[in-house]
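Asker: Sharing my_file34.pdb (PDB, C-alpha atoms) below.
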ATOM      1  CA  MET A   1      57.994  50.574-233.933
ATOM      2  CA  GLU A   2      55.957  47.443-233.367
ATOM      3  CA  ASP A   3      52.265  48.356-233.542
ATOM      4  CA  ASN A   4      50.298  46.482-230.929
ATOM      5  CA  ALA A   5      46.874  47.646-232.071
ATOM      6  CA  ASP A   6      45.116  44.587-230.645
ATOM      7  CA  PHE A   7      46.348  45.188-227.091
ATOM      8  CA  ALA A   8      42.786  46.145-226.129
ATOM      9  CA  ALA A   9      41.932  42.457-226.315
ATOM     10  CA  SER A  10      44.147  41.731-223.301
ATOM     11  CA  VAL A  11      42.407  40.687-220.102
ATOM     12  CA  ASP A  12      45.419  40.613-217.744
ATOM     13  CA  PRO A  13      47.079  44.020-217.272
ATOM     14  CA  PHE A  14      50.195  42.452-215.736
ATOM     15  CA  ALA A  15      50.728  40.131-218.701
ATOM     16  CA  LEU A  16      50.245  43.060-221.070
ATOM     17  CA  PHE A  17      52.710  45.159-219.069
ATOM     18  CA  ALA A  18      55.251  42.317-219.209
ATOM     19  CA  ASP A  19      54.902  42.211-223.019
ATOM     20  CA  TRP A  20      55.337  45.973-223.329
ATOM     21  CA  LEU A  21      58.335  46.043-220.988
ATOM     22  CA  GLN A  22      59.949  43.261-223.021
ATOM     23  CA  ASP A  23      59.359  45.268-226.205
ATOM     24  CA  ALA A  24      60.921  48.314-224.516
ATOM     25  CA  SER A  25      63.963  46.295-223.458
ATOM     26  CA  ARG A  26      64.704  45.774-227.164
ATOM     27  CA  SER A  27      64.034  49.331-228.334
ATOM     28  CA  GLU A  28      64.948  51.747-225.525
ATOM     29  CA  PRO A  29      68.598  52.882-225.579
ATOM     30  CA  ASN A  30      68.789  53.125-221.770
ATOM     31  CA  ASP A  31      66.854  51.854-218.760
ATOM     32  CA  PRO A  32      63.568  50.510-220.162
ATOM     33  CA  ASN A  33      62.526  50.101-216.508
ATOM     34  CA  ALA A  34      62.836  53.855-215.808
ATOM     35  CA  VAL A  35      59.578  55.313-214.520
ATOM     36  CA  ALA A  36      58.283  58.652-213.249
ATOM     37  CA  LEU A  37      57.171  58.250-209.643
ATOM     38  CA  ALA A  38      54.624  60.756-208.296
ATOM     39  CA  THR A  39      53.972  61.435-204.607
ATOM     40  CA  VAL A  40      52.544  64.291-202.543
ATOM     41  CA  ASP A  41      54.039  66.082-199.565
ATOM     42  CA  GLY A  42      52.320  66.949-196.302
ATOM     43  CA  ASP A  43      50.706  70.027-197.882
ATOM     44  CA  GLY A  44      49.317  67.979-200.778
ATOM     45  CA  LEU A  45      51.823  69.466-203.245
ATOM     46  CA  PRO A  46      52.725  66.897-205.937
ATOM     47  CA  ASP A  47      56.321  65.793-206.428
ATOM     48  CA  VAL A  48      57.736  63.637-209.223
ATOM     49  CA  ARG A  49      61.094  62.058-210.090
ATOM     50  CA  MET A  50      62.501  59.173-212.109
ATOM     51  CA  VAL A  51      63.235  55.848-210.407
ATOM     52  CA  LEU A  52      63.952  52.329-211.643
ATOM     53  CA  LEU A  53      61.350  49.599-211.423
ATOM     54  CA  LYS A  54      63.022  46.604-209.786
ATOM     55  CA  GLY A  55      60.265  44.041-209.960
ATOM     56  CA  PHE A  56      56.593  43.474-210.612
ATOM     57  CA  ASP A  57      54.030  40.710-210.396
ATOM     58  CA  HIS A  58      50.325  40.467-209.665
ATOM     59  CA  ALA A  59      51.013  41.871-206.190
ATOM     60  CA  GLY A  60      52.322  45.175-207.560
ATOM     61  CA  PHE A  61      55.260  47.262-208.795
ATOM     62  CA  VAL A  62      58.423  47.477-206.653
ATOM     63  CA  PHE A  63      61.207  50.030-206.319
ATOM     64  CA  TYR A  64      63.802  50.680-203.602
ATOM     65  CA  THR A  65      64.920  53.846-201.884
ATOM     66  CA  ASN A  66      66.151  55.569-198.761
ATOM     67  CA  PHE A  67      63.079  55.914-196.551
ATOM     68  CA  GLU A  68      64.498  59.187-195.175
ATOM     69  CA  SER A  69      64.578  60.744-198.677
ATOM     70  CA  ALA A  70      61.892  63.116-199.938
ATOM     71  CA  LYS A  71      60.048  60.360-201.772
ATOM     72  CA  GLY A  72      60.451  57.997-198.834
ATOM     73  CA  THR A  73      58.993  60.391-196.272
ATOM     74  CA  GLN A  74      56.230  61.479-198.650
ATOM     75  CA  ILE A  75      55.147  57.903-199.304
ATOM     76  CA  LEU A  76      55.320  56.977-195.629
ATOM     77  CA  GLY A  77      53.101  59.982-194.944
ATOM     78  CA  SER A  78      50.348  58.981-197.363
ATOM     79  CA  MET A  79      51.059  55.359-198.369
ATOM     80  CA  LYS A  80      49.848  56.227-201.885
ATOM     81  CA  ALA A  81      51.735  56.835-205.138
ATOM     82  CA  ALA A  82      51.505  56.803-208.914
ATOM     83  CA  MET A  83      53.816  55.815-211.768
ATOM     84  CA  CYS A  84      54.070  56.678-215.457
ATOM     85  CA  PHE A  85      56.245  54.729-217.897
ATOM     86  CA  HIS A  86      56.979  56.442-221.208
ATOM     87  CA  TRP A  87      58.736  54.431-223.898
ATOM     88  CA  LYS A  88      59.448  57.064-226.521
ATOM     89  CA  SER A  89      60.899  54.559-228.986
ATOM     90  CA  LEU A  90      57.574  52.689-228.992
ATOM     91  CA  ARG A  91      55.295  55.688-228.529
ATOM     92  CA  ARG A  92      53.645  53.996-225.582
ATOM     93  CA  GLN A  93      52.815  54.907-222.005
ATOM     94  CA  VAL A  94      51.593  52.993-218.970
ATOM     95  CA  ARG A  95      50.114  54.828-216.001
ATOM     96  CA  LEU A  96      49.209  53.265-212.661
ATOM     97  CA  ARG A  97      48.310  54.370-209.165
ATOM     98  CA  GLY A  98      47.240  52.922-205.864
ATOM     99  CA  PRO A  99      48.100  52.327-202.239
ATOM    100  CA  VAL A 100      51.659  51.480-201.237
ATOM    101  CA  GLU A 101      53.025  48.758-198.973
ATOM    102  CA  ILE A 102      56.543  48.154-197.689
ATOM    103  CA  VAL A 103      58.254  45.054-199.072
ATOM    104  CA  SER A 104      59.319  42.323-196.666
ATOM    105  CA  ASP A 105      62.757  42.395-195.050
ATOM    106  CA  ALA A 106      63.616  39.246-197.005
ATOM    107  CA  GLU A 107      62.802  40.951-200.320
ATOM    108  CA  ALA A 108      64.776  44.066-199.402
ATOM    109  CA  ASP A 109      67.757  42.043-198.168
ATOM    110  CA  ALA A 110      67.824  39.948-201.344
ATOM    111  CA  TYR A 111      67.727  42.944-203.656
ATOM    112  CA  TYR A 112      70.259  44.910-201.591
ATOM    113  CA  ALA A 113      72.666  41.954-201.686
ATOM    114  CA  SER A 114      72.374  41.854-205.497
ATOM    115  CA  ARG A 115      73.545  45.456-205.909
ATOM    116  CA  PRO A 116      77.164  46.300-206.802
ATOM    117  CA  ARG A 117      79.358  46.829-203.759
ATOM    118  CA  GLY A 118      79.738  50.537-204.524
ATOM    119  CA  SER A 119      75.962  50.979-204.599
ATOM    120  CA  ARG A 120      75.630  49.262-201.221
ATOM    121  CA  ILE A 121      78.267  51.620-199.790
ATOM    122  CA  GLY A 122      76.436  54.538-201.366
ATOM    123  CA  ALA A 123      73.213  53.592-199.588
ATOM    124  CA  TRP A 124      75.048  54.188-196.297
ATOM    125  CA  ALA A 125      76.978  57.277-197.393
ATOM    126  CA  SER A 126      74.178  59.304-198.981
ATOM    127  CA  ARG A 127      71.797  61.283-196.772
ATOM    128  CA  GLN A 128      69.474  61.346-199.753
ATOM    129  CA  SER A 129      67.547  64.562-200.528
ATOM    130  CA  ARG A 130      69.171  66.526-197.695
ATOM    131  CA  PRO A 131      71.495  69.514-198.233
ATOM    132  CA  LEU A 132      75.066  68.585-199.253
ATOM    133  CA  GLU A 133      77.765  71.110-198.334
ATOM    134  CA  SER A 134      80.178  69.927-201.036
ATOM    135  CA  ARG A 135      81.019  66.998-203.286
ATOM    136  CA  PHE A 136      83.996  66.359-201.030
ATOM    137  CA  ALA A 137      81.660  65.721-198.082
ATOM    138  CA  LEU A 138      79.949  62.946-200.038
ATOM    139  CA  GLU A 139      83.244  61.440-201.181
ATOM    140  CA  LYS A 140      84.488  61.541-197.570
ATOM    141  CA  ALA A 141      81.396  59.660-196.390
ATOM    142  CA  VAL A 142      81.926  57.049-199.118
ATOM    143  CA  ALA A 143      85.540  56.622-197.998
ATOM    144  CA  GLU A 144      84.500  56.261-194.368
ATOM    145  CA  TYR A 145      81.965  53.529-195.101
ATOM    146  CA  THR A 146      84.356  51.805-197.497
ATOM    147  CA  ALA A 147      86.869  51.644-194.623
ATOM    148  CA  ARG A 148      84.151  50.409-192.261
ATOM    149  CA  TYR A 149      83.204  47.569-194.621
ATOM    150  CA  PRO A 150      86.480  46.755-196.430
ATOM    151  CA  ILE A 151      85.624  43.101-197.117
ATOM    152  CA  GLY A 152      82.755  40.710-196.668
ATOM    153  CA  ASP A 153      79.095  41.478-196.306
ATOM    154  CA  ILE A 154      77.689  44.997-196.141
ATOM    155  CA  PRO A 155      74.479  45.029-194.093
ATOM    156  CA  ARG A 156      71.418  46.772-195.454
ATOM    157  CA  PRO A 157      70.904  50.175-193.799
ATOM    158  CA  PRO A 158      67.833  50.231-191.527
ATOM    159  CA  HIS A 159      66.494  53.251-193.432
ATOM    160  CA  TRP A 160      66.786  51.592-196.862
ATOM    161  CA  SER A 161      64.103  49.271-198.206
ATOM    162  CA  GLY A 162      61.468  48.920-200.898
ATOM    163  CA  PHE A 163      57.948  50.041-201.665
ATOM    164  CA  ARG A 164      55.317  48.166-203.642
ATOM    165  CA  ILE A 165      52.556  50.097-205.390
ATOM    166  CA  VAL A 166      49.433  47.926-205.404
ATOM    167  CA  PRO A 167      47.653  49.341-208.449
ATOM    168  CA  GLN A 168      43.963  50.067-208.338
ATOM    169  CA  GLN A 169      44.086  51.505-211.843
ATOM    170  CA  ILE A 170      46.378  50.761-214.811
ATOM    171  CA  GLU A 171      46.118  52.557-218.145
ATOM    172  CA  PHE A 172      47.825  51.571-221.395
ATOM    173  CA  TRP A 173      48.324  54.273-224.030
ATOM    174  CA  GLN A 174      49.391  53.673-227.642
ATOM    175  CA  ASN A 175      50.137  56.492-230.086
ATOM    176  CA  ARG A 176      47.885  56.630-233.155
ATOM    177  CA  PRO A 177      47.728  59.081-236.080
ATOM    178  CA  PHE A 178      46.111  62.503-235.698
ATOM    179  CA  ARG A 179      46.256  62.226-231.876
ATOM    180  CA  LEU A 180      43.460  59.641-231.964
ATOM    181  CA  HIS A 181      45.408  57.482-229.540
ATOM    182  CA  ASP A 182      44.324  54.132-228.132
ATOM    183  CA  ARG A 183      43.732  54.187-224.369
ATOM    184  CA  VAL A 184      42.664  51.144-222.371
ATOM    185  CA  GLN A 185      42.027  51.383-218.654
ATOM    186  CA  PHE A 186      41.929  48.510-216.162
ATOM    187  CA  LEU A 187      40.229  49.085-212.793
ATOM    188  CA  ARG A 188      40.560  46.681-209.884
ATOM    189  CA  ALA A 189      37.261  45.223-208.667
ATOM    190  CA  ASP A 190      36.376  42.614-206.058
ATOM    191  CA  SER A 191      35.988  40.029-208.819
ATOM    192  CA  GLY A 192      39.182  40.950-210.656
ATOM    193  CA  TRP A 193      39.827  43.649-213.243
ATOM    194  CA  THR A 194      37.310  45.549-215.326
ATOM    195  CA  LYS A 195      38.438  47.047-218.624
ATOM    196  CA  SER A 196      37.235  49.966-220.720
ATOM    197  CA  ARG A 197      38.393  52.149-223.566
ATOM    198  CA  LEU A 198      38.906  55.869-223.001
ATOM    199  CA  TYR A 199      38.623  58.747-225.440
ATOM    200  CA  PRO A 200      42.083  60.032-226.414
TER
END
Would you write out, as structure tokens, the structure that this file holds?

Answerer:
Amino acid sequence: MEDNADFAASVDPFALFADWLQDASRSEPNDPNAVALATVDGDGLPDVRMVLLKGFDHAGFVFYTNFESAKGTQILGSMKAAMCFHWKSLRRQVRLRGPVEIVSDAEADAYYASRPRGSRIGAWASRQSRPLESRFALEKAVAEYTARYPIGDIPRPPHWSGFRIVPQQIEFWQNRPFRLHDRVQFLRADSGWTKSRLYP
């Protein structure tokens, strides 16, 4: 494991995240961009699941989903969410939370067009998060949409797009001996980001 003990000197949380994600891409056996996404339902009950981060910059952290899914409807109901990355191979975590915005149609179209053809068909065939009577019903829906779009372009479903979490808080966590971990928190302010250490 590469020890990045001086990460507390960083002043740009996005640059630091880019460095850590690059480290994870070399050490994680699968999906270094996998992240736990937390939302709340209409009763305020938390919900969490793994998704794949599909982009990030100073504007925020982007993932894509069916807006009619559980996470889609929960986010649309609150327009807030949180994420936690855990790279076990590096013994590091990054946590962030903040308001959510919908990506532009151009962004969603570009990402959707980059997906494998089968994944684009799947976005039409899956009524994500809703009861499924049998595996055959899903396979039948896939076959129907495959026949509908046998060649050429497959349009993006109107219910499928992306969300961008605009972080108000980002925390970097690095494992240290005896549970005396390093924790550095960045908070968004009008003038930029403020930074502080936290007790482990």

Asker: May I have the residues within 12 Å of A:Ala38 as a PyMOL selection string, using only C-alpha atoms and disregarding those fewer than 3 positions away in the same chain?

Answerer: chain A and resi 35+41+44-51+70-72+74-75+78-85+95-98+165

Asker: The PyMOL selection byres ((chain A and resi 102-118) around 10) on the file shown: which residues, as a ChimeraX atom specification?

Answerer: /A:54-55,62-64,75-76,79,100-101,119-123,142,146,149,151-158,160-165

Asker: Counting all atoms listed in the file, which of A:Phe172, A:Phe178, A:Phe67, A:Trp87 gets nearest to A:Ser126?

Answerer: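 Distance minimum relative to A:Ser126 lands on A:Phe67.
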
Asker: Taking only C-alpha atoms into account, name the residue in A:Val184, A:Leu53, A:Ala143, A:Ala189 that is nearest to A:Arg92.

Answerer: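 Of A:Val184, A:Leu53, A:Ala143, A:Ala189, the one nearest A:Arg92, counting only C-alpha atoms, is A:Val184.
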
Asker: Nearest to A:Glu28: which of A:Lys88, A:Arg179, A:Lys195, A:Ala59 is it, counting all atoms listed in the file?

Answerer: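 Comparing A:Lys88, A:Arg179, A:Lys195, A:Ala59 against A:Glu28, the winner is A:Lys88.
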
Asker: Which centre and which edge lengths, in Å to one decimal, describe the axis-aligned box that holds all listed atoms of stretch 6-14 of chain A after 3 Å is added on each side, as AutoDock Vina command-line options?

Answerer:
--center_x 46.1 --center_y 43.4 --center_z -223.2 --size_x 14.3 --size_y 11.5 --size_z 20.9

Asker: For stretch 137-141 of chain A, work out the shell of residues within 7 Å, counting all atoms listed in the file and skipping chain neighbours fewer than 4 positions away, then give it as a tab-separated table (two decimals) with C-alpha atoms, in the frame of the given file.

Answerer:
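Output contents, as saved in out26.tsv:
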chain	number	residue	atom	x	y	z
A	125	ALA	CA	76.98	57.28	-197.39
A	126	SER	CA	74.18	59.30	-198.98
A	133	GLU	CA	77.76	71.11	-198.33
A	145	TYR	CA	81.96	53.53	-195.10

Asker: Just how far from atom CA of A:Gln168 is atom CA of A:Pro200, in Å to one decimal?

Answerer: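 Calculated distance between atom CA of A:Pro200 and atom CA of A:Gln168 is 20.7 Å.
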
Asker: Find, counting all atoms listed in the file, the residue in A:Thr194, A:His86, A:Val94, A:Pro99 that gets nearest to A:Ala34.

Answerer: A:His86

Asker: So which residues get picked by the PyMOL selection byres ((chain A and resi 15-23) around 10) here, written as a VMD selection string?

Answerer: chain A and resid 1 to 2 4 7 to 14 24 to 28 32 to 33 56 to 58 85 87 89 to 90 92 to 94 170 to 172

Asker: So how far away is atom CA of A:Asn30 from atom CA of A:His181, in Å?

Answerer: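 Result for atom CA of A:His181 versus atom CA of A:Asn30: 25.0 Å, one decimal.
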
Asker: At what distance in Å, to one decimal, does atom CA of A:Arg127 lie from atom CA of A:Val166?

Answerer: 27.4 Å

Asker: Which polymer residues, whether protein, DNA or RNA, lie within 8 Å of the coordinate (41.7, 56.7, -228.5) when you count all atoms listed in the file? List them as an NGL selection string, using the chain letters and numbers from the file.

Answerer: :A and (176 or 179-183 or 197-200)

Asker: Considering only C-alpha atoms, can you say which of A:Gln174, A:Ser196, A:Arg130, A:Pro167 comes closest to A:Phe61?

Answerer: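 Checking each of A:Gln174, A:Ser196, A:Arg130, A:Pro167 against A:Phe61, counting only C-alpha atoms, the winner is A:Pro167.
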
Asker: Please extract stretch 64-160 of chain A and write it out with C-alpha atoms, as a PDB file, in the first residue's frame.

Answerer:
ATOM      1  CA  TYR A  64     -26.276   7.573 -14.350  1.00  0.00           C
ATOM      2  CA  THR A  65     -29.464   5.698 -13.610  1.00  0.00           C
ATOM      3  CA  ASN A  66     -33.105   5.077 -14.382  1.00  0.00           C
ATOM      4  CA  PHE A  67     -34.951   8.036 -12.872  1.00  0.00           C
ATOM      5  CA  GLU A  68     -37.924   5.745 -12.143  1.00  0.00           C
ATOM      6  CA  SER A  69     -35.759   3.461  -9.954  1.00  0.00           C
ATOM      7  CA  ALA A  70     -35.732   3.665  -6.161  1.00  0.00           C
ATOM      8  CA  LYS A  71     -32.608   5.809  -6.107  1.00  0.00           C
ATOM      9  CA  GLY A  72     -33.908   7.952  -8.953  1.00  0.00           C
ATOM     10  CA  THR A  73     -37.231   8.738  -7.294  1.00  0.00           C
ATOM     11  CA  GLN A  74     -35.580   9.259  -3.906  1.00  0.00           C
ATOM     12  CA  ILE A  75     -33.087  11.749  -5.310  1.00  0.00           C
ATOM     13  CA  LEU A  76     -35.746  13.570  -7.312  1.00  0.00           C
ATOM     14  CA  GLY A  77     -37.736  13.850  -4.090  1.00  0.00           C
ATOM     15  CA  SER A  78     -34.964  15.483  -2.070  1.00  0.00           C
ATOM     16  CA  MET A  79     -32.273  16.531  -4.580  1.00  0.00           C
ATOM     17  CA  LYS A  80     -29.647  15.572  -1.977  1.00  0.00           C
ATOM     18  CA  ALA A  81     -27.327  12.563  -1.707  1.00  0.00           C
ATOM     19  CA  ALA A  82     -24.081  11.265  -0.262  1.00  0.00           C
ATOM     20  CA  MET A  83     -21.300   8.967  -1.464  1.00  0.00           C
ATOM     21  CA  CYS A  84     -18.627   6.858   0.217  1.00  0.00           C
ATOM     22  CA  PHE A  85     -15.688   5.346  -1.670  1.00  0.00           C
ATOM     23  CA  HIS A  86     -13.812   2.567   0.118  1.00  0.00           C
ATOM     24  CA  TRP A  87     -10.600   1.301  -1.444  1.00  0.00           C
ATOM     25  CA  LYS A  88      -9.787  -1.691   0.726  1.00  0.00           C
ATOM     26  CA  SER A  89      -6.487  -2.374  -1.036  1.00  0.00           C
ATOM     27  CA  LEU A  90      -5.277   1.105  -0.044  1.00  0.00           C
ATOM     28  CA  ARG A  91      -7.072   1.345   3.290  1.00  0.00           C
ATOM     29  CA  ARG A  92      -8.584   4.648   2.254  1.00  0.00           C
ATOM     30  CA  GLN A  93     -12.044   6.175   2.165  1.00  0.00           C
ATOM     31  CA  VAL A  94     -13.546   9.316   0.666  1.00  0.00           C
ATOM     32  CA  ARG A  95     -16.924  10.582   1.830  1.00  0.00           C
ATOM     33  CA  LEU A  96     -18.890  13.417   0.245  1.00  0.00           C
ATOM     34  CA  ARG A  97     -22.377  14.858   0.357  1.00  0.00           C
ATOM     35  CA  GLY A  98     -24.359  17.738  -1.029  1.00  0.00           C
ATOM     36  CA  PRO A  99     -27.195  18.850  -3.255  1.00  0.00           C
ATOM     37  CA  VAL A 100     -27.856  17.068  -6.537  1.00  0.00           C
ATOM     38  CA  GLU A 101     -28.462  18.427 -10.028  1.00  0.00           C
ATOM     39  CA  ILE A 102     -29.487  16.653 -13.221  1.00  0.00           C
ATOM     40  CA  VAL A 103     -26.817  16.527 -15.923  1.00  0.00           C
ATOM     41  CA  SER A 104     -27.518  18.171 -19.269  1.00  0.00           C
ATOM     42  CA  ASP A 105     -29.171  16.219 -22.078  1.00  0.00           C
ATOM     43  CA  ALA A 106     -25.929  16.526 -24.046  1.00  0.00           C
ATOM     44  CA  GLU A 107     -23.938  14.898 -21.227  1.00  0.00           C
ATOM     45  CA  ALA A 108     -26.478  12.102 -20.814  1.00  0.00           C
ATOM     46  CA  ASP A 109     -26.684  11.478 -24.565  1.00  0.00           C
ATOM     47  CA  ALA A 110     -22.896  11.318 -24.885  1.00  0.00           C
ATOM     48  CA  TYR A 111     -22.480   8.851 -22.045  1.00  0.00           C
ATOM     49  CA  TYR A 112     -25.438   6.718 -23.159  1.00  0.00           C
ATOM     50  CA  ALA A 113     -23.987   6.504 -26.678  1.00  0.00           C
ATOM     51  CA  SER A 114     -20.671   5.275 -25.225  1.00  0.00           C
ATOM     52  CA  ARG A 115     -22.277   2.286 -23.492  1.00  0.00           C
ATOM     53  CA  PRO A 116     -22.209  -1.207 -25.043  1.00  0.00           C
ATOM     54  CA  ARG A 117     -25.228  -1.923 -27.217  1.00  0.00           C
ATOM     55  CA  GLY A 118     -26.533  -4.523 -24.764  1.00  0.00           C
ATOM     56  CA  SER A 119     -26.434  -1.995 -21.926  1.00  0.00           C
ATOM     57  CA  ARG A 120     -28.393   0.515 -24.009  1.00  0.00           C
ATOM     58  CA  ILE A 121     -31.023  -2.159 -24.714  1.00  0.00           C
ATOM     59  CA  GLY A 122     -31.071  -3.010 -21.023  1.00  0.00           C
ATOM     60  CA  ALA A 123     -31.866   0.594 -20.112  1.00  0.00           C
ATOM     61  CA  TRP A 124     -35.106   0.204 -22.089  1.00  0.00           C
ATOM     62  CA  ALA A 125     -35.915  -3.338 -20.962  1.00  0.00           C
ATOM     63  CA  SER A 126     -35.423  -2.990 -17.207  1.00  0.00           C
ATOM     64  CA  ARG A 127     -38.166  -1.433 -15.081  1.00  0.00           C
ATOM     65  CA  GLN A 128     -35.499  -0.918 -12.453  1.00  0.00           C
ATOM     66  CA  SER A 129     -36.378  -1.545  -8.780  1.00  0.00           C
ATOM     67  CA  ARG A 130     -39.925  -2.702  -9.556  1.00  0.00           C
ATOM     68  CA  PRO A 131     -41.184  -6.262  -8.954  1.00  0.00           C
ATOM     69  CA  LEU A 132     -40.082  -8.804 -11.596  1.00  0.00           C
ATOM     70  CA  GLU A 133     -42.367 -11.816 -12.054  1.00  0.00           C
ATOM     71  CA  SER A 134     -39.621 -14.024 -13.505  1.00  0.00           C
ATOM     72  CA  ARG A 135     -36.241 -13.939 -15.214  1.00  0.00           C
ATOM     73  CA  PHE A 136     -38.036 -14.911 -18.406  1.00  0.00           C
ATOM     74  CA  ALA A 137     -40.050 -11.672 -18.291  1.00  0.00           C
ATOM     75  CA  LEU A 138     -36.822  -9.665 -18.296  1.00  0.00           C
ATOM     76  CA  GLU A 139     -35.296 -11.737 -21.089  1.00  0.00           C
ATOM     77  CA  LYS A 140     -38.509 -11.293 -23.109  1.00  0.00           C
ATOM     78  CA  ALA A 141     -38.318  -7.514 -22.692  1.00  0.00           C
ATOM     79  CA  VAL A 142     -34.675  -7.560 -23.817  1.00  0.00           C
ATOM     80  CA  ALA A 143     -35.659  -9.565 -26.901  1.00  0.00           C
ATOM     81  CA  GLU A 144     -38.488  -7.169 -27.705  1.00  0.00           C
ATOM     82  CA  TYR A 145     -36.265  -4.093 -27.556  1.00  0.00           C
ATOM     83  CA  THR A 146     -33.496  -5.870 -29.455  1.00  0.00           C
ATOM     84  CA  ALA A 147     -36.034  -6.515 -32.238  1.00  0.00           C
ATOM     85  CA  ARG A 148     -37.212  -2.898 -32.057  1.00  0.00           C
ATOM     86  CA  TYR A 149     -33.660  -1.581 -32.474  1.00  0.00           C
ATOM     87  CA  PRO A 150     -31.925  -4.277 -34.569  1.00  0.00           C
ATOM     88  CA  ILE A 151     -29.380  -1.926 -36.164  1.00  0.00           C
ATOM     89  CA  GLY A 152     -28.317   1.678 -35.978  1.00  0.00           C
ATOM     90  CA  ASP A 153     -28.769   4.115 -33.155  1.00  0.00           C
ATOM     91  CA  ILE A 154     -30.642   3.308 -29.956  1.00  0.00           C
ATOM     92  CA  PRO A 155     -32.177   6.475 -28.503  1.00  0.00           C
ATOM     93  CA  ARG A 156     -31.711   7.261 -24.839  1.00  0.00           C
ATOM     94  CA  PRO A 157     -34.855   6.441 -22.831  1.00  0.00           C
ATOM     95  CA  PRO A 158     -36.602   9.581 -21.534  1.00  0.00           C
ATOM     96  CA  HIS A 159     -36.458   8.181 -17.989  1.00  0.00           C
ATOM     97  CA  TRP A 160     -32.696   7.517 -18.084  1.00  0.00           C
TER      98      TRP A 160
END
